[in-house]
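What follows is a set of notes on a single structure, which appears directly below.
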Amino acid sequence: MEQTAPGDNALISVRQLSFSRGNKKIFNNVSLDIERGKITAIMGPSGTGKTTLLKLIAGQLYPDSGVITVDGLNVHQLRRAELYNLRKRMGMLFQSGALLTDMSVYDNVAFPLREHTHLPESMIRTLVLMKLEAVGLRGARHLMPNELSGGMARRIALARAIALDPMMILYDEPFTGQDPISMGVLVHLIKALNSTLGLTSIIVSHDVHETSLIADTIYVISEGRIVDHGTPEAMRQSSSPWIQQFMTGAADGPVPFHYPAKDYLDDLLPTGKRY
């Protein structure tokens, strides 16, 4: 089910990627495409390397083998300055939000503009207020991170992620720990921002329902390979028992409820003591 040749509209192309941590194989000859202007979800059980894939795309980790290109650039052949310039075109929404705790909401969003541009403060103010307005929190600009709810903090982090008008945003488990209203707000924002700003979005998640509402394409990863990929509807209609178990959250199936163990009675009773 994996891609073999880059698509014509691919912003990111991953080809024959292999990556290990110690003796554990995280990816084994994985290939996939992330289309421009689309929302692509990378899904799978916890511990399957979803966040690791984002770090490989951003050049934070190096593959054992394979090639990752972003907008035609081979990420792992770039010089440091070239890699930093590429990263400026990537927004990142961390699972924790990763707001700077000693800075106000305003200064958190202004931070990348002050670090990476030479814009006057008057222009930075206009841009910060525009980004905060986009996430519905312009009125919270004076607050400190410890005064924010979890959902508000995630939205402020999203405003900061789009501060430099990136070509793409990487979302690392954006729905984790959110209440239903905050989840609904984030789902709406991700979809709306992707459309209005012409972004390309990659969502790493195991939240099936929320991700399926907005993703154009879903890749499901398990045990170092792509199990299947397609539209959310195609995933729901998949004939694969494994995909069905994952999409419906069934407790037992191809991924068993019980961890492998010897016979239960043999474990409970001494040898030869069965009655």
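We label chains A, B, ... in the order they appear in the structure tokens, count residues from 1 in each chain, and number ligands from 1 in the order shown.
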| Surrounding residues of range 214-225 of chain A excluding itself and chain neighbours under 3 positions, 8 Å, only C-alpha atoms, as a ChimeraX atom specification | /A:25-30,38-45,48-50,187,190-191,210-211,228-232,235,243
Would you output that residue set with C-alpha atoms, as a tab-separated table (two decimals), in the first residue's frame?
chain	number	residue	atom	x	y	z
A	25	LYS	CA	13.24	-0.73	13.98
A	26	ILE	CA	10.94	2.30	13.93
A	27	PHE	CA	10.54	2.56	10.13
A	28	ASN	CA	11.28	-0.16	7.61
A	29	ASN	CA	11.42	1.00	3.99
A	30	VAL	CA	8.51	3.47	4.31
A	38	LYS	CA	-4.03	19.23	1.88
A	39	ILE	CA	-4.40	17.94	5.43
A	40	THR	CA	-2.61	14.61	5.81
A	41	ALA	CA	-2.96	12.54	8.97
A	42	ILE	CA	-0.33	10.12	10.24
A	43	MET	CA	-2.10	7.72	12.57
A	44	GLY	CA	-1.40	4.53	14.45
A	45	PRO	CA	-1.09	3.11	17.95
A	48	THR	CA	4.73	3.54	16.39
A	49	GLY	CA	6.99	6.49	15.50
A	50	LYS	CA	4.47	9.13	14.44
A	187	VAL	CA	-10.76	20.93	14.51
A	190	ILE	CA	-6.99	23.53	11.63
A	191	LYS	CA	-9.42	23.17	8.74
A	210	GLU	CA	-11.53	14.29	15.25
A	211	THR	CA	-8.80	13.61	12.71
A	228	ASP	CA	-2.95	1.31	4.63
A	229	HIS	CA	-3.69	4.80	3.35
A	230	GLY	CA	-6.53	6.68	1.70
A	231	THR	CA	-9.40	9.04	2.43
A	232	PRO	CA	-11.15	8.80	5.82
A	235	MET	CA	-10.28	3.81	5.82
A	243	ILE	CA	-7.66	-1.12	10.15
| field | Near-Asn108 in chain A list (7 Å; only C-alpha atoms; drop same-chain fewer than 5 positions) as a list in words | value | Leu99, Leu100, Met103 and Arg160 of chain A
Can you spit out the residues from that selection as a compact mmCIF listing (two decimals), in the first residue's frame, using N, CA and C atoms?
# COMPACT_ATOMS: atom_id res chain seq x y z
N LEU A 99 4.58 26.86 25.27
CA LEU A 99 4.65 28.32 25.40
C LEU A 99 5.76 28.69 26.38
N LEU A 100 6.36 29.84 26.15
CA LEU A 100 7.40 30.34 27.05
C LEU A 100 6.71 30.93 28.28
N MET A 103 6.73 34.72 29.44
CA MET A 103 6.30 35.73 28.47
C MET A 103 4.79 35.74 28.37
N ARG A 160 1.20 31.26 17.31
CA ARG A 160 2.66 31.40 17.18
C ARG A 160 3.20 30.59 16.01
| said: Residues within 8 Å of range 62-76 of chain A, please, as number ranges by chain. Count only C-alpha atoms; anything in the same chain fewer than 3 positions from it doesn't count. | reply: A: 10-20, 29, 56-59, 83
| message | From a backbone DSSP assignment, name each residue in range 14-196 of chain A labelled alpha helix (DSSP H), as an MDAnalysis selection string. | response | chainID A and resid 50:57 80:87 105:116 121:134 150:161 180:196
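CA of Gly177 in chain A is found 7.8 Å from CA of Gly150 in chain A.
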| message | Run DSSP on the backbone and tell me which residues of range 115-218 of chain A come out as strand (DSSP E); list them as a ChimeraX atom specification. | response | /A:168-172,200-205,217-218
Write a file of the selected residues as a PDB file, in the first residue's frame, keeping N, CA, C and O atoms.
ATOM      1  N   MET A 168       3.757  25.253   5.666  1.00  0.00           N
ATOM      2  CA  MET A 168       3.195  24.023   6.217  1.00  0.00           C
ATOM      3  C   MET A 168       3.223  24.083   7.733  1.00  0.00           C
ATOM      4  O   MET A 168       4.007  24.825   8.328  1.00  0.00           O
ATOM      5  N   ILE A 169       2.331  23.304   8.357  1.00  0.00           N
ATOM      6  CA  ILE A 169       2.317  23.177   9.811  1.00  0.00           C
ATOM      7  C   ILE A 169       2.320  21.698  10.175  1.00  0.00           C
ATOM      8  O   ILE A 169       1.589  20.897   9.582  1.00  0.00           O
ATOM      9  N   LEU A 170       3.153  21.370  11.149  1.00  0.00           N
ATOM     10  CA  LEU A 170       3.223  20.017  11.686  1.00  0.00           C
ATOM     11  C   LEU A 170       2.518  20.020  13.036  1.00  0.00           C
ATOM     12  O   LEU A 170       2.895  20.764  13.946  1.00  0.00           O
ATOM     13  N   TYR A 171       1.481  19.207  13.172  1.00  0.00           N
ATOM     14  CA  TYR A 171       0.708  19.133  14.407  1.00  0.00           C
ATOM     15  C   TYR A 171       1.039  17.825  15.118  1.00  0.00           C
ATOM     16  O   TYR A 171       0.788  16.746  14.586  1.00  0.00           O
ATOM     17  N   ASP A 172       1.571  17.929  16.342  1.00  0.00           N
ATOM     18  CA  ASP A 172       1.908  16.735  17.116  1.00  0.00           C
ATOM     19  C   ASP A 172       0.830  16.509  18.173  1.00  0.00           C
ATOM     20  O   ASP A 172       0.792  17.208  19.191  1.00  0.00           O
ATOM     21  N   THR A 200      -0.202  23.601   3.990  1.00  0.00           N
ATOM     22  CA  THR A 200      -0.167  22.143   3.944  1.00  0.00           C
ATOM     23  C   THR A 200      -0.018  21.689   5.391  1.00  0.00           C
ATOM     24  O   THR A 200       0.828  22.203   6.117  1.00  0.00           O
ATOM     25  N   SER A 201      -0.838  20.755   5.831  1.00  0.00           N
ATOM     26  CA  SER A 201      -0.832  20.357   7.239  1.00  0.00           C
ATOM     27  C   SER A 201      -0.593  18.860   7.385  1.00  0.00           C
ATOM     28  O   SER A 201      -1.150  18.062   6.633  1.00  0.00           O
ATOM     29  N   ILE A 202       0.239  18.517   8.358  1.00  0.00           N
ATOM     30  CA  ILE A 202       0.444  17.124   8.749  1.00  0.00           C
ATOM     31  C   ILE A 202       0.002  16.990  10.200  1.00  0.00           C
ATOM     32  O   ILE A 202       0.501  17.704  11.074  1.00  0.00           O
ATOM     33  N   ILE A 203      -0.947  16.105  10.436  1.00  0.00           N
ATOM     34  CA  ILE A 203      -1.447  15.871  11.795  1.00  0.00           C
ATOM     35  C   ILE A 203      -1.028  14.483  12.248  1.00  0.00           C
ATOM     36  O   ILE A 203      -1.399  13.485  11.630  1.00  0.00           O
ATOM     37  N   VAL A 204      -0.240  14.442  13.309  1.00  0.00           N
ATOM     38  CA  VAL A 204       0.088  13.180  13.955  1.00  0.00           C
ATOM     39  C   VAL A 204      -0.905  12.994  15.085  1.00  0.00           C
ATOM     40  O   VAL A 204      -1.036  13.867  15.958  1.00  0.00           O
ATOM     41  N   SER A 205      -1.639  11.891  15.062  1.00  0.00           N
ATOM     42  CA  SER A 205      -2.687  11.718  16.058  1.00  0.00           C
ATOM     43  C   SER A 205      -3.112  10.257  16.148  1.00  0.00           C
ATOM     44  O   SER A 205      -2.929   9.484  15.213  1.00  0.00           O
ATOM     45  N   THR A 217      -6.278  12.872   3.588  1.00  0.00           N
ATOM     46  CA  THR A 217      -5.661  11.550   3.448  1.00  0.00           C
ATOM     47  C   THR A 217      -5.176  11.080   4.802  1.00  0.00           C
ATOM     48  O   THR A 217      -4.670  11.876   5.598  1.00  0.00           O
ATOM     49  N   ILE A 218      -5.347   9.805   5.074  1.00  0.00           N
ATOM     50  CA  ILE A 218      -4.860   9.202   6.312  1.00  0.00           C
ATOM     51  C   ILE A 218      -3.860   8.097   5.969  1.00  0.00           C
ATOM     52  O   ILE A 218      -4.136   7.243   5.123  1.00  0.00           O
TER      53      ILE A 218
END
| task | Point out the residue among A:Gln95, A:Asn194, A:Ser104, A:Asn146 with the least atom-to-atom distance to Thr176 in chain A, counting only C-alpha atoms. | result |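 Ranking A:Gln95, A:Asn194, A:Ser104, A:Asn146 by distance to Thr176 in chain A, first place goes to A:Gln95.
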| remark: Nearest to Ile226 in chain A, restricted to only C-alpha atoms and choosing among A:Asp165, A:Asp33, A:Asp267, A:Glu115, comes out as A:Asp33
| field | Atom-to-atom span, CA of Leu132 in chain A and CA of Leu164 in chain A, Å | value |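 According to the coordinates, CA of Leu132 in chain A and CA of Leu164 in chain A are separated by 13.1 Å.
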Mind checking which residues fall within 7 Å of Gly37 in chain A, counting only C-alpha atoms, ignoring those fewer than 2 positions away in the same chain, and posting them as an mmCIF file with all heavy atoms, in the first residue's frame?
data_model
loop_
_atom_site.group_PDB
_atom_site.id
_atom_site.type_symbol
_atom_site.label_atom_id
_atom_site.label_comp_id
_atom_site.auth_asym_id
_atom_site.auth_seq_id
_atom_site.Cartn_x
_atom_site.Cartn_y
_atom_site.Cartn_z
ATOM 1 N N GLU A 35 0.613 15.906 0.178
ATOM 2 C CA GLU A 35 0.208 16.778 -0.922
ATOM 3 C C GLU A 35 0.105 18.239 -0.489
ATOM 4 O O GLU A 35 -0.303 18.550 0.617
ATOM 5 C CB GLU A 35 -1.142 16.326 -1.485
ATOM 6 C CG GLU A 35 -1.087 15.047 -2.285
ATOM 7 C CD GLU A 35 -2.372 14.835 -3.064
ATOM 8 O OE1 GLU A 35 -2.791 15.747 -3.812
ATOM 9 O OE2 GLU A 35 -2.974 13.761 -2.899
ATOM 10 N N GLY A 198 -3.816 28.768 2.731
ATOM 11 C CA GLY A 198 -3.181 27.944 1.700
ATOM 12 C C GLY A 198 -2.069 27.072 2.247
ATOM 13 O O GLY A 198 -1.053 26.844 1.582
ATOM 14 N N LEU A 199 -2.259 26.560 3.458
ATOM 15 C CA LEU A 199 -1.230 25.761 4.113
ATOM 16 C C LEU A 199 -1.261 24.310 3.655
ATOM 17 O O LEU A 199 -2.223 23.839 3.052
ATOM 18 C CB LEU A 199 -1.427 25.796 5.630
ATOM 19 C CG LEU A 199 -1.286 27.145 6.327
ATOM 20 C CD1 LEU A 199 -1.745 27.025 7.773
ATOM 21 C CD2 LEU A 199 0.154 27.627 6.261
ATOM 22 N N THR A 200 -0.202 23.601 3.990
ATOM 23 C CA THR A 200 -0.167 22.143 3.944
ATOM 24 C C THR A 200 -0.018 21.689 5.391
ATOM 25 O O THR A 200 0.828 22.203 6.117
ATOM 26 C CB THR A 200 1.017 21.636 3.107
ATOM 27 O OG1 THR A 200 0.872 22.108 1.767
ATOM 28 C CG2 THR A 200 1.088 20.115 3.113
#
| said: Applying 10 Å and only C-alpha atoms, which residues near Arg155 in chain A remain after dropping the ones on its own chain fewer than 2 positions away? List them as a ChimeraX atom specification. | reply: /A:93,97,132,134-137,149-153,157-161,174,182,185-186,189
Can you write out the residues you just picked, keeping all heavy atoms, as a short mmCIF file (atom, residue, chain, number, x, y, z; two decimals), in the first residue's frame?
data_model
loop_
_atom_site.label_atom_id
_atom_site.label_comp_id
_atom_site.auth_asym_id
_atom_site.auth_seq_id
_atom_site.Cartn_x
_atom_site.Cartn_y
_atom_site.Cartn_z
N LEU A 93 3.19 22.79 15.92
CA LEU A 93 2.34 22.84 17.10
C LEU A 93 2.69 21.62 17.95
O LEU A 93 2.34 20.50 17.61
CB LEU A 93 0.86 22.82 16.73
CG LEU A 93 -0.09 22.95 17.93
CD1 LEU A 93 0.03 24.32 18.57
CD2 LEU A 93 -1.54 22.72 17.50
N GLY A 97 2.11 22.37 23.69
CA GLY A 97 1.96 23.79 23.43
C GLY A 97 3.29 24.51 23.46
O GLY A 97 3.59 25.34 22.62
N LEU A 132 -3.60 36.40 16.49
CA LEU A 132 -4.45 36.12 17.64
C LEU A 132 -5.93 36.21 17.26
O LEU A 132 -6.75 35.44 17.75
CB LEU A 132 -4.13 37.09 18.78
CG LEU A 132 -2.80 36.84 19.49
CD1 LEU A 132 -2.50 37.96 20.49
CD2 LEU A 132 -2.79 35.50 20.19
N ALA A 134 -7.08 35.42 14.39
CA ALA A 134 -7.36 34.21 13.61
C ALA A 134 -7.73 33.03 14.49
O ALA A 134 -8.50 32.16 14.07
CB ALA A 134 -6.17 33.86 12.73
N VAL A 135 -7.18 32.99 15.72
CA VAL A 135 -7.49 31.88 16.62
C VAL A 135 -8.51 32.29 17.68
O VAL A 135 -8.78 31.53 18.62
CB VAL A 135 -6.21 31.31 17.29
CG1 VAL A 135 -5.25 30.80 16.23
CG2 VAL A 135 -5.55 32.33 18.21
N GLY A 136 -9.06 33.49 17.56
CA GLY A 136 -10.13 33.92 18.44
C GLY A 136 -9.69 34.40 19.81
O GLY A 136 -10.51 34.47 20.73
N LEU A 137 -8.41 34.77 19.97
CA LEU A 137 -7.91 35.11 21.31
C LEU A 137 -7.17 36.45 21.34
O LEU A 137 -6.27 36.65 22.16
CB LEU A 137 -7.00 34.00 21.84
CG LEU A 137 -7.71 32.68 22.16
CD1 LEU A 137 -6.70 31.60 22.53
CD2 LEU A 137 -8.72 32.87 23.28
N SER A 149 -6.42 28.33 29.95
CA SER A 149 -6.89 26.94 29.98
C SER A 149 -6.06 26.13 28.98
O SER A 149 -5.34 26.69 28.14
CB SER A 149 -8.37 26.88 29.59
OG SER A 149 -8.53 27.22 28.21
N GLY A 150 -6.20 24.81 29.06
CA GLY A 150 -5.45 23.97 28.14
C GLY A 150 -5.79 24.24 26.68
O GLY A 150 -4.91 24.29 25.81
N GLY A 151 -7.08 24.44 26.41
CA GLY A 151 -7.51 24.72 25.05
C GLY A 151 -7.00 26.06 24.55
O GLY A 151 -6.58 26.20 23.39
N MET A 152 -7.02 27.08 25.41
CA MET A 152 -6.51 28.40 25.04
C MET A 152 -5.02 28.34 24.75
O MET A 152 -4.53 28.94 23.78
CB MET A 152 -6.81 29.41 26.14
CG MET A 152 -8.27 29.75 26.30
SD MET A 152 -8.58 30.78 27.76
CE MET A 152 -7.83 32.34 27.24
N ALA A 153 -4.28 27.63 25.59
CA ALA A 153 -2.83 27.51 25.39
C ALA A 153 -2.52 26.88 24.04
O ALA A 153 -1.59 27.31 23.33
CB ALA A 153 -2.21 26.69 26.52
N ALA A 157 -0.49 28.65 20.96
CA ALA A 157 0.63 27.98 20.31
C ALA A 157 0.41 27.91 18.79
O ALA A 157 1.36 28.01 18.02
CB ALA A 157 0.81 26.58 20.90
N LEU A 158 -0.84 27.73 18.38
CA LEU A 158 -1.15 27.70 16.95
C LEU A 158 -0.94 29.08 16.33
O LEU A 158 -0.40 29.21 15.22
CB LEU A 158 -2.58 27.22 16.73
CG LEU A 158 -3.08 27.12 15.29
CD1 LEU A 158 -2.14 26.31 14.43
CD2 LEU A 158 -4.48 26.52 15.26
N ALA A 159 -1.33 30.14 17.05
CA ALA A 159 -1.08 31.50 16.56
C ALA A 159 0.41 31.74 16.37
O ALA A 159 0.84 32.36 15.38
CB ALA A 159 -1.68 32.52 17.52
N ARG A 160 1.20 31.26 17.31
CA ARG A 160 2.66 31.40 17.18
C ARG A 160 3.20 30.59 16.01
O ARG A 160 4.11 31.02 15.30
CB ARG A 160 3.34 30.96 18.48
CG ARG A 160 4.84 31.19 18.49
CD ARG A 160 5.47 30.73 19.79
NE ARG A 160 5.25 29.30 20.03
CZ ARG A 160 5.59 28.67 21.16
NH1 ARG A 160 6.13 29.35 22.15
NH2 ARG A 160 5.36 27.39 21.29
N ALA A 161 2.61 29.41 15.78
CA ALA A 161 3.08 28.55 14.69
C ALA A 161 2.85 29.18 13.31
O ALA A 161 3.58 28.88 12.37
CB ALA A 161 2.38 27.19 14.76
N PRO A 174 -2.52 17.22 18.39
CA PRO A 174 -3.16 18.48 18.78
C PRO A 174 -4.38 18.33 19.67
O PRO A 174 -4.76 19.28 20.36
CB PRO A 174 -3.56 19.10 17.43
CG PRO A 174 -3.71 17.93 16.51
CD PRO A 174 -2.66 16.95 16.95
N SER A 182 -13.05 22.35 23.34
CA SER A 182 -11.72 22.72 22.84
C SER A 182 -11.35 21.89 21.62
O SER A 182 -10.74 22.41 20.68
CB SER A 182 -10.67 22.54 23.94
OG SER A 182 -10.91 23.42 25.01
N VAL A 185 -13.12 23.34 18.67
CA VAL A 185 -12.50 24.59 18.24
C VAL A 185 -11.23 24.30 17.44
O VAL A 185 -10.98 24.90 16.38
CB VAL A 185 -12.17 25.47 19.46
CG1 VAL A 185 -11.29 26.65 19.06
CG2 VAL A 185 -13.46 25.98 20.10
N LEU A 186 -10.40 23.38 17.93
CA LEU A 186 -9.16 23.06 17.24
C LEU A 186 -9.42 22.43 15.87
O LEU A 186 -8.73 22.75 14.89
CB LEU A 186 -8.31 22.12 18.10
CG LEU A 186 -7.61 22.77 19.29
CD1 LEU A 186 -7.04 21.71 20.22
CD2 LEU A 186 -6.52 23.73 18.83
N LEU A 189 -10.34 25.25 13.62
CA LEU A 189 -9.21 26.12 13.31
C LEU A 189 -8.25 25.48 12.32
O LEU A 189 -7.78 26.13 11.38
CB LEU A 189 -8.45 26.48 14.60
CG LEU A 189 -9.04 27.60 15.46
CD1 LEU A 189 -8.26 27.72 16.76
CD2 LEU A 189 -9.03 28.92 14.70
#
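Relative to CA of Pro112 in chain A, CA of Met90 in chain A is found at 11.9 Å.
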| query | From the list A:Met130, A:Leu119, A:Ala81, A:Ala140, which residue is nearest Val105 in chain A when using only C-alpha atoms? | reply |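 For Val105 in chain A, the nearest of the candidates is A:Ala140.
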